[in-house]
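Shown next: work_32.pdb, containing PDB, N, CA and C atoms.
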ATOM      1  N   MET X   1      97.001  68.105  68.605
ATOM      2  CA  MET X   1      98.067  67.759  67.710
ATOM      3  C   MET X   1      98.836  69.023  67.351
ATOM      4  N   GLU X   2     100.127  68.850  67.204
ATOM      5  CA  GLU X   2     100.991  69.922  66.740
ATOM      6  C   GLU X   2     101.776  69.392  65.543
ATOM      7  N   VAL X   3     102.011  70.251  64.567
ATOM      8  CA  VAL X   3     102.761  69.881  63.378
ATOM      9  C   VAL X   3     103.918  70.855  63.215
ATOM     10  N   LYS X   4     105.111  70.301  63.049
ATOM     11  CA  LYS X   4     106.291  71.124  62.805
ATOM     12  C   LYS X   4     106.900  70.701  61.485
ATOM     13  N   ILE X   5     107.168  71.690  60.629
ATOM     14  CA  ILE X   5     107.706  71.408  59.304
ATOM     15  C   ILE X   5     109.112  71.977  59.200
ATOM     16  N   SER X   6     110.025  71.138  58.724
ATOM     17  CA  SER X   6     111.380  71.605  58.446
ATOM     18  C   SER X   6     111.766  71.150  57.042
ATOM     19  N   GLN X   7     112.594  71.937  56.396
ATOM     20  CA  GLN X   7     112.928  71.668  54.997
ATOM     21  C   GLN X   7     114.435  71.710  54.790
ATOM     22  N   THR X   8     114.912  70.780  53.960
ATOM     23  CA  THR X   8     116.284  70.784  53.479
ATOM     24  C   THR X   8     116.202  70.806  51.958
ATOM     25  N   PRO X   9     117.315  70.953  51.270
ATOM     26  CA  PRO X   9     117.243  70.908  49.800
ATOM     27  C   PRO X   9     116.723  69.571  49.267
ATOM     28  N   GLU X  10     116.909  68.491  50.036
ATOM     29  CA  GLU X  10     116.512  67.161  49.568
ATOM     30  C   GLU X  10     115.144  66.701  50.040
ATOM     31  N   SER X  11     114.627  67.301  51.128
ATOM     32  CA  SER X  11     113.401  66.750  51.706
ATOM     33  C   SER X  11     112.638  67.786  52.527
ATOM     34  N   ILE X  12     111.395  67.408  52.824
ATOM     35  CA  ILE X  12     110.581  68.135  53.792
ATOM     36  C   ILE X  12     110.206  67.131  54.875
ATOM     37  N   GLU X  13     110.424  67.516  56.130
ATOM     38  CA  GLU X  13     110.069  66.661  57.253
ATOM     39  C   GLU X  13     108.906  67.286  58.003
ATOM     40  N   VAL X  14     107.892  66.467  58.248
ATOM     41  CA  VAL X  14     106.702  66.896  58.969
ATOM     42  C   VAL X  14     106.657  66.105  60.275
ATOM     43  N   ALA X  15     106.914  66.776  61.387
ATOM     44  CA  ALA X  15     106.841  66.134  62.699
ATOM     45  C   ALA X  15     105.405  66.259  63.205
ATOM     46  N   ILE X  16     104.824  65.115  63.526
ATOM     47  CA  ILE X  16     103.448  65.077  64.026
ATOM     48  C   ILE X  16     103.511  64.744  65.509
ATOM     49  N   ILE X  17     102.963  65.629  66.321
ATOM     50  CA  ILE X  17     103.053  65.502  67.772
ATOM     51  C   ILE X  17     101.641  65.406  68.350
ATOM     52  N   GLY X  18     101.400  64.356  69.125
ATOM     53  CA  GLY X  18     100.096  64.205  69.762
ATOM     54  C   GLY X  18      99.233  63.168  69.078
ATOM     55  N   ARG X  19      97.948  63.467  68.965
ATOM     56  CA  ARG X  19      96.968  62.533  68.416
ATOM     57  C   ARG X  19      96.538  62.959  67.021
ATOM     58  N   LEU X  20      96.553  62.003  66.107
ATOM     59  CA  LEU X  20      96.056  62.235  64.748
ATOM     60  C   LEU X  20      94.731  61.488  64.642
ATOM     61  N   ASP X  21      93.647  62.234  64.804
ATOM     62  CA  ASP X  21      92.329  61.613  64.879
ATOM     63  C   ASP X  21      91.309  62.422  64.079
ATOM     64  N   THR X  22      90.049  62.141  64.293
ATOM     65  CA  THR X  22      88.970  62.793  63.559
ATOM     66  C   THR X  22      89.009  64.309  63.700
ATOM     67  N   LEU X  23      89.374  64.786  64.860
ATOM     68  CA  LEU X  23      89.412  66.232  65.089
ATOM     69  C   LEU X  23      90.642  66.900  64.479
ATOM     70  N   THR X  24      91.770  66.196  64.441
ATOM     71  CA  THR X  24      93.021  66.820  64.003
ATOM     72  C   THR X  24      93.427  66.482  62.568
ATOM     73  N   ALA X  25      92.871  65.421  62.003
ATOM     74  CA  ALA X  25      93.238  65.026  60.633
ATOM     75  C   ALA X  25      92.966  66.138  59.614
ATOM     76  N   PRO X  26      91.840  66.856  59.689
ATOM     77  CA  PRO X  26      91.625  67.944  58.721
ATOM     78  C   PRO X  26      92.704  69.035  58.798
ATOM     79  N   GLU X  27      93.194  69.297  59.996
ATOM     80  CA  GLU X  27      94.253  70.284  60.164
ATOM     81  C   GLU X  27      95.538  69.818  59.464
ATOM     82  N   LEU X  28      95.893  68.555  59.654
ATOM     83  CA  LEU X  28      97.079  68.025  58.985
ATOM     84  C   LEU X  28      96.890  68.040  57.476
ATOM     85  N   ASP X  29      95.722  67.662  57.021
ATOM     86  CA  ASP X  29      95.415  67.668  55.586
ATOM     87  C   ASP X  29      95.626  69.059  54.991
ATOM     88  N   GLN X  30      95.123  70.082  55.647
ATOM     89  CA  GLN X  30      95.287  71.458  55.160
ATOM     90  C   GLN X  30      96.744  71.909  55.190
ATOM     91  N   THR X  31      97.483  71.471  56.187
ATOM     92  CA  THR X  31      98.897  71.803  56.286
ATOM     93  C   THR X  31      99.694  71.155  55.161
ATOM     94  N   LEU X  32      99.321  69.932  54.792
ATOM     95  CA  LEU X  32     100.072  69.181  53.786
ATOM     96  C   LEU X  32      99.770  69.583  52.352
ATOM     97  N   LYS X  33      98.574  70.024  52.073
ATOM     98  CA  LYS X  33      98.176  70.300  50.681
ATOM     99  C   LYS X  33      99.173  71.158  49.911
ATOM    100  N   PRO X  34      99.708  72.240  50.480
ATOM    101  CA  PRO X  34     100.649  73.049  49.699
ATOM    102  C   PRO X  34     102.029  72.412  49.501
ATOM    103  N   ILE X  35     102.365  71.375  50.273
ATOM    104  CA  ILE X  35     103.717  70.823  50.160
ATOM    105  C   ILE X  35     103.784  69.440  49.529
ATOM    106  N   ILE X  36     102.669  68.736  49.448
ATOM    107  CA  ILE X  36     102.676  67.408  48.821
ATOM    108  C   ILE X  36     103.123  67.555  47.374
ATOM    109  N   ALA X  37     104.002  66.671  46.961
ATOM    110  CA  ALA X  37     104.523  66.592  45.582
ATOM    111  C   ALA X  37     105.428  67.760  45.216
ATOM    112  N   THR X  38     105.870  68.549  46.186
ATOM    113  CA  THR X  38     106.801  69.644  45.892
ATOM    114  C   THR X  38     108.233  69.279  46.248
ATOM    115  N   THR X  39     108.445  68.105  46.832
ATOM    116  CA  THR X  39     109.769  67.670  47.245
ATOM    117  C   THR X  39     109.985  66.224  46.812
ATOM    118  N   ASP X  40     111.234  65.881  46.560
ATOM    119  CA  ASP X  40     111.534  64.507  46.161
ATOM    120  C   ASP X  40     111.285  63.514  47.286
ATOM    121  N   LEU X  41     111.403  63.982  48.524
ATOM    122  CA  LEU X  41     111.206  63.106  49.677
ATOM    123  C   LEU X  41     110.416  63.838  50.756
ATOM    124  N   LEU X  42     109.269  63.285  51.102
ATOM    125  CA  LEU X  42     108.443  63.809  52.188
ATOM    126  C   LEU X  42     108.508  62.807  53.330
ATOM    127  N   ILE X  43     108.893  63.280  54.507
ATOM    128  CA  ILE X  43     109.083  62.418  55.672
ATOM    129  C   ILE X  43     108.108  62.833  56.771
ATOM    130  N   PHE X  44     107.408  61.849  57.321
ATOM    131  CA  PHE X  44     106.625  62.074  58.533
ATOM    132  C   PHE X  44     107.454  61.562  59.704
ATOM    133  N   GLU X  45     107.826  62.456  60.591
ATOM    134  CA  GLU X  45     108.545  62.099  61.813
ATOM    135  C   GLU X  45     107.491  61.865  62.895
ATOM    136  N   CYS X  46     107.399  60.627  63.363
ATOM    137  CA  CYS X  46     106.297  60.249  64.246
ATOM    138  C   CYS X  46     106.745  59.805  65.636
ATOM    139  N   ALA X  47     107.924  60.214  66.061
ATOM    140  CA  ALA X  47     108.410  59.830  67.385
ATOM    141  C   ALA X  47     107.457  60.282  68.484
ATOM    142  N   ASP X  48     106.762  61.396  68.265
ATOM    143  CA  ASP X  48     105.852  61.931  69.276
ATOM    144  C   ASP X  48     104.381  61.793  68.878
ATOM    145  N   LEU X  49     104.104  60.935  67.892
ATOM    146  CA  LEU X  49     102.727  60.628  67.526
ATOM    147  C   LEU X  49     102.205  59.581  68.505
ATOM    148  N   GLU X  50     101.176  59.939  69.255
ATOM    149  CA  GLU X  50     100.660  59.065  70.313
ATOM    150  C   GLU X  50      99.567  58.118  69.838
ATOM    151  N   TYR X  51      98.816  58.524  68.815
ATOM    152  CA  TYR X  51      97.631  57.774  68.411
ATOM    153  C   TYR X  51      97.278  58.158  66.987
ATOM    154  N   VAL X  52      96.778  57.202  66.211
ATOM    155  CA  VAL X  52      96.263  57.501  64.878
ATOM    156  C   VAL X  52      94.940  56.756  64.686
ATOM    157  N   SER X  53      93.944  57.481  64.189
ATOM    158  CA  SER X  53      92.632  56.889  63.921
ATOM    159  C   SER X  53      92.489  56.654  62.420
ATOM    160  N   SER X  54      91.336  56.143  62.014
ATOM    161  CA  SER X  54      91.099  55.914  60.584
ATOM    162  C   SER X  54      91.128  57.223  59.798
ATOM    163  N   SER X  55      90.714  58.314  60.397
ATOM    164  CA  SER X  55      90.779  59.617  59.724
ATOM    165  C   SER X  55      92.224  60.026  59.481
ATOM    166  N   GLY X  56      93.081  59.771  60.456
ATOM    167  CA  GLY X  56      94.502  60.053  60.286
ATOM    168  C   GLY X  56      95.125  59.163  59.232
ATOM    169  N   LEU X  57      94.744  57.895  59.234
ATOM    170  CA  LEU X  57      95.256  56.970  58.221
ATOM    171  C   LEU X  57      94.851  57.410  56.816
ATOM    172  N   ARG X  58      93.664  57.968  56.691
ATOM    173  CA  ARG X  58      93.191  58.443  55.393
ATOM    174  C   ARG X  58      94.090  59.566  54.871
ATOM    175  N   VAL X  59      94.493  60.483  55.743
ATOM    176  CA  VAL X  59      95.400  61.575  55.347
ATOM    177  C   VAL X  59      96.760  61.006  54.947
ATOM    178  N   ILE X  60      97.232  60.033  55.691
ATOM    179  CA  ILE X  60      98.522  59.415  55.375
ATOM    180  C   ILE X  60      98.453  58.693  54.027
ATOM    181  N   LEU X  61      97.388  57.956  53.780
ATOM    182  CA  LEU X  61      97.227  57.255  52.507
ATOM    183  C   LEU X  61      97.139  58.236  51.342
ATOM    184  N   PHE X  62      96.400  59.319  51.515
ATOM    185  CA  PHE X  62      96.303  60.347  50.479
ATOM    186  C   PHE X  62      97.686  60.921  50.170
ATOM    187  N   THR X  63      98.460  61.179  51.220
ATOM    188  CA  THR X  63      99.807  61.718  51.047
ATOM    189  C   THR X  63     100.670  60.741  50.254
ATOM    190  N   GLN X  64     100.618  59.464  50.615
ATOM    191  CA  GLN X  64     101.372  58.434  49.898
ATOM    192  C   GLN X  64     100.984  58.404  48.424
ATOM    193  N   LYS X  65      99.694  58.408  48.151
ATOM    194  CA  LYS X  65      99.216  58.334  46.765
ATOM    195  C   LYS X  65      99.645  59.552  45.950
ATOM    196  N   MET X  66      99.562  60.732  46.536
ATOM    197  CA  MET X  66      99.929  61.949  45.804
ATOM    198  C   MET X  66     101.427  62.005  45.533
ATOM    199  N   GLN X  67     102.238  61.616  46.502
ATOM    200  CA  GLN X  67     103.688  61.591  46.287
ATOM    201  C   GLN X  67     104.035  60.579  45.193
ATOM    202  N   SER X  68     103.447  59.398  45.258
ATOM    203  CA  SER X  68     103.720  58.348  44.272
ATOM    204  C   SER X  68     103.254  58.735  42.872
ATOM    205  N   ALA X  69     102.140  59.427  42.799
ATOM    206  CA  ALA X  69     101.578  59.793  41.493
ATOM    207  C   ALA X  69     102.524  60.643  40.655
ATOM    208  N   VAL X  70     103.410  61.368  41.322
ATOM    209  CA  VAL X  70     104.357  62.226  40.598
ATOM    210  C   VAL X  70     105.795  61.724  40.739
ATOM    211  N   GLY X  71     105.941  60.455  41.136
ATOM    212  CA  GLY X  71     107.258  59.845  41.217
ATOM    213  C   GLY X  71     108.119  60.320  42.373
ATOM    214  N   LYS X  72     107.492  60.800  43.435
ATOM    215  CA  LYS X  72     108.215  61.285  44.615
ATOM    216  C   LYS X  72     108.131  60.233  45.726
ATOM    217  N   LYS X  73     109.032  60.323  46.695
ATOM    218  CA  LYS X  73     109.075  59.349  47.785
ATOM    219  C   LYS X  73     108.408  59.895  49.045
ATOM    220  N   PHE X  74     107.890  58.946  49.833
ATOM    221  CA  PHE X  74     107.249  59.262  51.110
ATOM    222  C   PHE X  74     107.657  58.189  52.104
ATOM    223  N   LEU X  75     108.051  58.612  53.294
ATOM    224  CA  LEU X  75     108.357  57.630  54.320
ATOM    225  C   LEU X  75     107.960  58.146  55.690
ATOM    226  N   ILE X  76     107.801  57.199  56.588
ATOM    227  CA  ILE X  76     107.419  57.499  57.962
ATOM    228  C   ILE X  76     108.517  56.964  58.874
ATOM    229  N   ARG X  77     108.880  57.771  59.869
ATOM    230  CA  ARG X  77     109.938  57.391  60.804
ATOM    231  C   ARG X  77     109.421  57.314  62.239
ATOM    232  N   ASN X  78     110.023  56.405  62.994
ATOM    233  CA  ASN X  78     109.915  56.360  64.454
ATOM    234  C   ASN X  78     108.500  56.175  65.001
ATOM    235  N   LEU X  79     107.768  55.227  64.460
ATOM    236  CA  LEU X  79     106.451  54.908  65.015
ATOM    237  C   LEU X  79     106.610  54.192  66.349
ATOM    238  N   ASN X  80     105.790  54.567  67.336
ATOM    239  CA  ASN X  80     105.815  53.818  68.593
ATOM    240  C   ASN X  80     105.098  52.476  68.394
ATOM    241  N   ARG X  81     105.182  51.624  69.373
ATOM    242  CA  ARG X  81     104.650  50.261  69.242
ATOM    243  C   ARG X  81     103.158  50.242  68.938
ATOM    244  N   GLU X  82     102.383  51.082  69.620
ATOM    245  CA  GLU X  82     100.932  51.077  69.429
ATOM    246  C   GLU X  82     100.545  51.551  68.029
ATOM    247  N   VAL X  83     101.154  52.637  67.594
ATOM    248  CA  VAL X  83     100.839  53.160  66.262
ATOM    249  C   VAL X  83     101.333  52.193  65.194
ATOM    250  N   ARG X  84     102.493  51.604  65.401
ATOM    251  CA  ARG X  84     103.015  50.618  64.446
ATOM    252  C   ARG X  84     102.061  49.441  64.311
ATOM    253  N   SER X  85     101.450  49.019  65.414
ATOM    254  CA  SER X  85     100.518  47.897  65.324
ATOM    255  C   SER X  85      99.279  48.263  64.508
ATOM    256  N   VAL X  86      98.848  49.524  64.577
ATOM    257  CA  VAL X  86      97.729  49.974  63.743
ATOM    258  C   VAL X  86      98.138  49.904  62.269
ATOM    259  N   PHE X  87      99.343  50.340  61.954
ATOM    260  CA  PHE X  87      99.846  50.268  60.574
ATOM    261  C   PHE X  87      99.936  48.821  60.105
ATOM    262  N   ASP X  88     100.380  47.928  60.974
ATOM    263  CA  ASP X  88     100.482  46.515  60.611
ATOM    264  C   ASP X  88      99.103  45.891  60.395
ATOM    265  N   LEU X  89      98.170  46.162  61.306
ATOM    266  CA  LEU X  89      96.828  45.576  61.205
ATOM    267  C   LEU X  89      96.062  46.061  59.982
ATOM    268  N   THR X  90      96.288  47.308  59.585
ATOM    269  CA  THR X  90      95.558  47.865  58.437
ATOM    270  C   THR X  90      96.266  47.625  57.107
ATOM    271  N   GLY X  91      97.474  47.074  57.154
ATOM    272  CA  GLY X  91      98.220  46.829  55.926
ATOM    273  C   GLY X  91      99.034  48.023  55.443
ATOM    274  N   PHE X  92      98.995  49.118  56.164
ATOM    275  CA  PHE X  92      99.739  50.309  55.762
ATOM    276  C   PHE X  92     101.241  50.062  55.760
ATOM    277  N   SER X  93     101.709  49.174  56.651
ATOM    278  CA  SER X  93     103.142  48.907  56.705
ATOM    279  C   SER X  93     103.634  48.177  55.460
ATOM    280  N   LYS X  94     102.720  47.661  54.648
ATOM    281  CA  LYS X  94     103.096  46.998  53.398
ATOM    282  C   LYS X  94     103.151  47.967  52.226
ATOM    283  N   ILE X  95     102.486  49.111  52.349
ATOM    284  CA  ILE X  95     102.435  50.050  51.218
ATOM    285  C   ILE X  95     103.181  51.353  51.453
ATOM    286  N   ILE X  96     103.611  51.578  52.694
ATOM    287  CA  ILE X  96     104.330  52.811  53.044
ATOM    288  C   ILE X  96     105.687  52.415  53.624
ATOM    289  N   THR X  97     106.712  53.108  53.212
ATOM    290  CA  THR X  97     108.046  52.865  53.759
ATOM    291  C   THR X  97     108.098  53.391  55.184
ATOM    292  N   ILE X  98     108.470  52.501  56.110
ATOM    293  CA  ILE X  98     108.557  52.871  57.529
ATOM    294  C   ILE X  98     109.967  52.575  58.006
ATOM    295  N   GLU X  99     110.590  53.572  58.618
ATOM    296  CA  GLU X  99     111.931  53.395  59.185
ATOM    297  C   GLU X  99     111.863  53.473  60.694
TER
END

Please lay out the structure from this file as structure tokens.
Amino acid sequence: MEVKISQTPESIEVAIIGRLDTLTAPELDQTLKPIIATTDLLIFECADLEYVSSSGLRVILFTQKMQSAVGKKFLIRNLNREVRSVFDLTGFSKIITIE
């Protein structure tokens, strides 16, 4: 997995590339800790996210909860069909804004 972070005055975008699984979720978690709740809008760009496991979903849920706890927004963009189906099956698509 590779993570690329870009920032504008209004948002921080985190591009996740590759697989978000048991091996890579801790890396994403550590990358996100300093930036969660520091921006009004946190965006996960997932056009190049190939796979997400339950460990990856846990990091995403934690991110959603932390952003919401301080009144900040979180959204996910460009999920491929397979990853979107995981979000739909787990109910994540009902609690996270997906574009």

Interatomic distance (Å, one decimal) between CA of Ile12 in chain X and CA of Leu41 in chain X | 6.5 Å

List the neighbours of range 64-72 of chain X out to 7 Å using all atoms listed in the file; skip same-chain residues closer than 5 positions along the sequence, and give me the result as a PyMOL selection string.
-> chain X and resi 36-37+39-42+59

For each of X:Ile76, X:Val83, X:Ala25, X:Ile5, take the minimum atom-to-atom distance to Ile96 in chain X, counting only N, CA and C atoms, then give the residue where this is smallest.
-> X:Ile76

What is the CA of Val86 in chain X to CA of Ser53 in chain X distance in Å?
->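 Spanning CA of Val86 in chain X to CA of Ser53 in chain X is a straight-line distance of 8.6 Å.
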
Pick from X:Thr38, X:Thr63, X:Thr24, X:Ser54, whichever lies nearest to Leu89 in chain X using only C-alpha atoms =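 When distances to Leu89 in chain X are compared using only C-alpha atoms, the smallest one comes from X:Ser54.
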
For Asn78 in chain X, please output as a PyMOL selection string all residues within 8 Å (counting all atoms listed in the file; exclusion window: fewer than 2 positions along the same chain).
-> chain X and resi 44-49+75-76+80-81+84+98-99

What is the atom N of Leu28 in chain X-CA of Met1 in chain X distance in Å, reported with one decimal?
-> 8.4 Å

Pick from X:Val14, X:Val3, X:Val52, X:Leu61: nearest to Glu27 in chain X, with only C-alpha atoms counted?
->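 Among the listed residues, the smallest separation from Glu27 in chain X belongs to X:Val3.
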
Give the centre and edge lengths of an axis-aligned box, in Å to one decimal, that holds all listed atoms of range 83-94 of chain X with 3 Å on each side, as lines of an AutoDock Vina configuration file.
center_x = 99.6
center_y = 49.4
center_z = 59.9
size_x = 14.1
size_y = 13.6
size_z = 21.4

Of the candidates X:Glu82, X:Thr90, X:Leu32, X:Leu23, which one gets nearest to Tyr51 in chain X if we count all atoms listed in the file?
->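 Once distances to Tyr51 in chain X are computed over all atoms listed in the file, the minimum belongs to X:Glu82.
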
Step one, run DSSP on the backbone; step two, keep only residues of range 11-93 of chain X assigned to alpha helix (DSSP H); then write them as JSON, numbers by chain.
-> {"X": [25, 26, 27, 28, 29, 30, 31, 32, 54, 55, 56, 57, 58, 59, 60, 61, 62, 63, 64, 65, 66, 67, 68, 69, 81, 82, 83, 84, 85, 86, 87, 88, 89, 90, 92, 93]}

Store the residues picked out above, limited to N, CA and C atoms, as a CSV table (one decimal), in the coordinates of the input.
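The file below, result23.csv, is the result:
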chain,number,residue,atom,x,y,z
X,25,ALA,N,92.9,65.4,62.0
X,25,ALA,CA,93.2,65.0,60.6
X,25,ALA,C,93.0,66.1,59.6
X,26,PRO,N,91.8,66.9,59.7
X,26,PRO,CA,91.6,67.9,58.7
X,26,PRO,C,92.7,69.0,58.8
X,27,GLU,N,93.2,69.3,60.0
X,27,GLU,CA,94.3,70.3,60.2
X,27,GLU,C,95.5,69.8,59.5
X,28,LEU,N,95.9,68.6,59.7
X,28,LEU,CA,97.1,68.0,59.0
X,28,LEU,C,96.9,68.0,57.5
X,29,ASP,N,95.7,67.7,57.0
X,29,ASP,CA,95.4,67.7,55.6
X,29,ASP,C,95.6,69.1,55.0
X,30,GLN,N,95.1,70.1,55.6
X,30,GLN,CA,95.3,71.5,55.2
X,30,GLN,C,96.7,71.9,55.2
X,31,THR,N,97.5,71.5,56.2
X,31,THR,CA,98.9,71.8,56.3
X,31,THR,C,99.7,71.2,55.2
X,32,LEU,N,99.3,69.9,54.8
X,32,LEU,CA,100.1,69.2,53.8
X,32,LEU,C,99.8,69.6,52.4
X,54,SER,N,91.3,56.1,62.0
X,54,SER,CA,91.1,55.9,60.6
X,54,SER,C,91.1,57.2,59.8
X,55,SER,N,90.7,58.3,60.4
X,55,SER,CA,90.8,59.6,59.7
X,55,SER,C,92.2,60.0,59.5
X,56,GLY,N,93.1,59.8,60.5
X,56,GLY,CA,94.5,60.1,60.3
X,56,GLY,C,95.1,59.2,59.2
X,57,LEU,N,94.7,57.9,59.2
X,57,LEU,CA,95.3,57.0,58.2
X,57,LEU,C,94.9,57.4,56.8
X,58,ARG,N,93.7,58.0,56.7
X,58,ARG,CA,93.2,58.4,55.4
X,58,ARG,C,94.1,59.6,54.9
X,59,VAL,N,94.5,60.5,55.7
X,59,VAL,CA,95.4,61.6,55.3
X,59,VAL,C,96.8,61.0,54.9
X,60,ILE,N,97.2,60.0,55.7
X,60,ILE,CA,98.5,59.4,55.4
X,60,ILE,C,98.5,58.7,54.0
X,61,LEU,N,97.4,58.0,53.8
X,61,LEU,CA,97.2,57.3,52.5
X,61,LEU,C,97.1,58.2,51.3
X,62,PHE,N,96.4,59.3,51.5
X,62,PHE,CA,96.3,60.3,50.5
X,62,PHE,C,97.7,60.9,50.2
X,63,THR,N,98.5,61.2,51.2
X,63,THR,CA,99.8,61.7,51.0
X,63,THR,C,100.7,60.7,50.3
X,64,GLN,N,100.6,59.5,50.6
X,64,GLN,CA,101.4,58.4,49.9
X,64,GLN,C,101.0,58.4,48.4
X,65,LYS,N,99.7,58.4,48.2
X,65,LYS,CA,99.2,58.3,46.8
X,65,LYS,C,99.6,59.6,46.0
X,66,MET,N,99.6,60.7,46.5
X,66,MET,CA,99.9,61.9,45.8
X,66,MET,C,101.4,62.0,45.5
X,67,GLN,N,102.2,61.6,46.5
X,67,GLN,CA,103.7,61.6,46.3
X,67,GLN,C,104.0,60.6,45.2
X,68,SER,N,103.4,59.4,45.3
X,68,SER,CA,103.7,58.3,44.3
X,68,SER,C,103.3,58.7,42.9
X,69,ALA,N,102.1,59.4,42.8
X,69,ALA,CA,101.6,59.8,41.5
X,69,ALA,C,102.5,60.6,40.7
X,81,ARG,N,105.2,51.6,69.4
X,81,ARG,CA,104.6,50.3,69.2
X,81,ARG,C,103.2,50.2,68.9
X,82,GLU,N,102.4,51.1,69.6
X,82,GLU,CA,100.9,51.1,69.4
X,82,GLU,C,100.5,51.6,68.0
X,83,VAL,N,101.2,52.6,67.6
X,83,VAL,CA,100.8,53.2,66.3
X,83,VAL,C,101.3,52.2,65.2
X,84,ARG,N,102.5,51.6,65.4
X,84,ARG,CA,103.0,50.6,64.4
X,84,ARG,C,102.1,49.4,64.3
X,85,SER,N,101.4,49.0,65.4
X,85,SER,CA,100.5,47.9,65.3
X,85,SER,C,99.3,48.3,64.5
X,86,VAL,N,98.8,49.5,64.6
X,86,VAL,CA,97.7,50.0,63.7
X,86,VAL,C,98.1,49.9,62.3
X,87,PHE,N,99.3,50.3,62.0
X,87,PHE,CA,99.8,50.3,60.6
X,87,PHE,C,99.9,48.8,60.1
X,88,ASP,N,100.4,47.9,61.0
X,88,ASP,CA,100.5,46.5,60.6
X,88,ASP,C,99.1,45.9,60.4
X,89,LEU,N,98.2,46.2,61.3
X,89,LEU,CA,96.8,45.6,61.2
X,89,LEU,C,96.1,46.1,60.0
X,90,THR,N,96.3,47.3,59.6
X,90,THR,CA,95.6,47.9,58.4
X,90,THR,C,96.3,47.6,57.1
X,92,PHE,N,99.0,49.1,56.2
X,92,PHE,CA,99.7,50.3,55.8
X,92,PHE,C,101.2,50.1,55.8
X,93,SER,N,101.7,49.2,56.7
X,93,SER,CA,103.1,48.9,56.7
X,93,SER,C,103.6,48.2,55.5

Pick the closest to Phe74 in chain X from X:Thr97, X:Thr8, X:Ile35, X:Asp21: which is it, counting all atoms listed in the file?
-> X:Thr97

Using DSSP on the backbone coordinates, identify the residues of range 10-66 of chain X assigned to strand (DSSP E); present them as a list in words.
->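 Checking each residue of range 10-66 of chain X, the strand (DSSP E) ones are Ile12, Glu13, Val14, Ala15, Ile16, Ile17, Gly18, Arg19, Leu20, Leu41, Leu42, Ile43, Phe44, Glu45, Leu49, Glu50, Tyr51 and Val52 of chain X.
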
Within 6 Å of (99.4, 64.7, 65.8), only C-alpha atoms: residues as a PDB file with N, CA and C atoms, keeping the file's coordinate frame?
ATOM      1  N   MET X   1      97.001  68.105  68.605  1.00  0.00           N
ATOM      2  CA  MET X   1      98.067  67.759  67.710  1.00  0.00           C
ATOM      3  C   MET X   1      98.836  69.023  67.351  1.00  0.00           C
ATOM      4  N   GLU X   2     100.127  68.850  67.204  1.00  0.00           N
ATOM      5  CA  GLU X   2     100.991  69.922  66.740  1.00  0.00           C
ATOM      6  C   GLU X   2     101.776  69.392  65.543  1.00  0.00           C
ATOM      7  N   ILE X  16     104.824  65.115  63.526  1.00  0.00           N
ATOM      8  CA  ILE X  16     103.448  65.077  64.026  1.00  0.00           C
ATOM      9  C   ILE X  16     103.511  64.744  65.509  1.00  0.00           C
ATOM     10  N   ILE X  17     102.963  65.629  66.321  1.00  0.00           N
ATOM     11  CA  ILE X  17     103.053  65.502  67.772  1.00  0.00           C
ATOM     12  C   ILE X  17     101.641  65.406  68.350  1.00  0.00           C
ATOM     13  N   GLY X  18     101.400  64.356  69.125  1.00  0.00           N
ATOM     14  CA  GLY X  18     100.096  64.205  69.762  1.00  0.00           C
ATOM     15  C   GLY X  18      99.233  63.168  69.078  1.00  0.00           C
ATOM     16  N   ARG X  19      97.948  63.467  68.965  1.00  0.00           N
ATOM     17  CA  ARG X  19      96.968  62.533  68.416  1.00  0.00           C
ATOM     18  C   ARG X  19      96.538  62.959  67.021  1.00  0.00           C
ATOM     19  N   LEU X  20      96.553  62.003  66.107  1.00  0.00           N
ATOM     20  CA  LEU X  20      96.056  62.235  64.748  1.00  0.00           C
ATOM     21  C   LEU X  20      94.731  61.488  64.642  1.00  0.00           C
ATOM     22  N   LEU X  49     104.104  60.935  67.892  1.00  0.00           N
ATOM     23  CA  LEU X  49     102.727  60.628  67.526  1.00  0.00           C
ATOM     24  C   LEU X  49     102.205  59.581  68.505  1.00  0.00           C
TER      25      LEU X  49
END
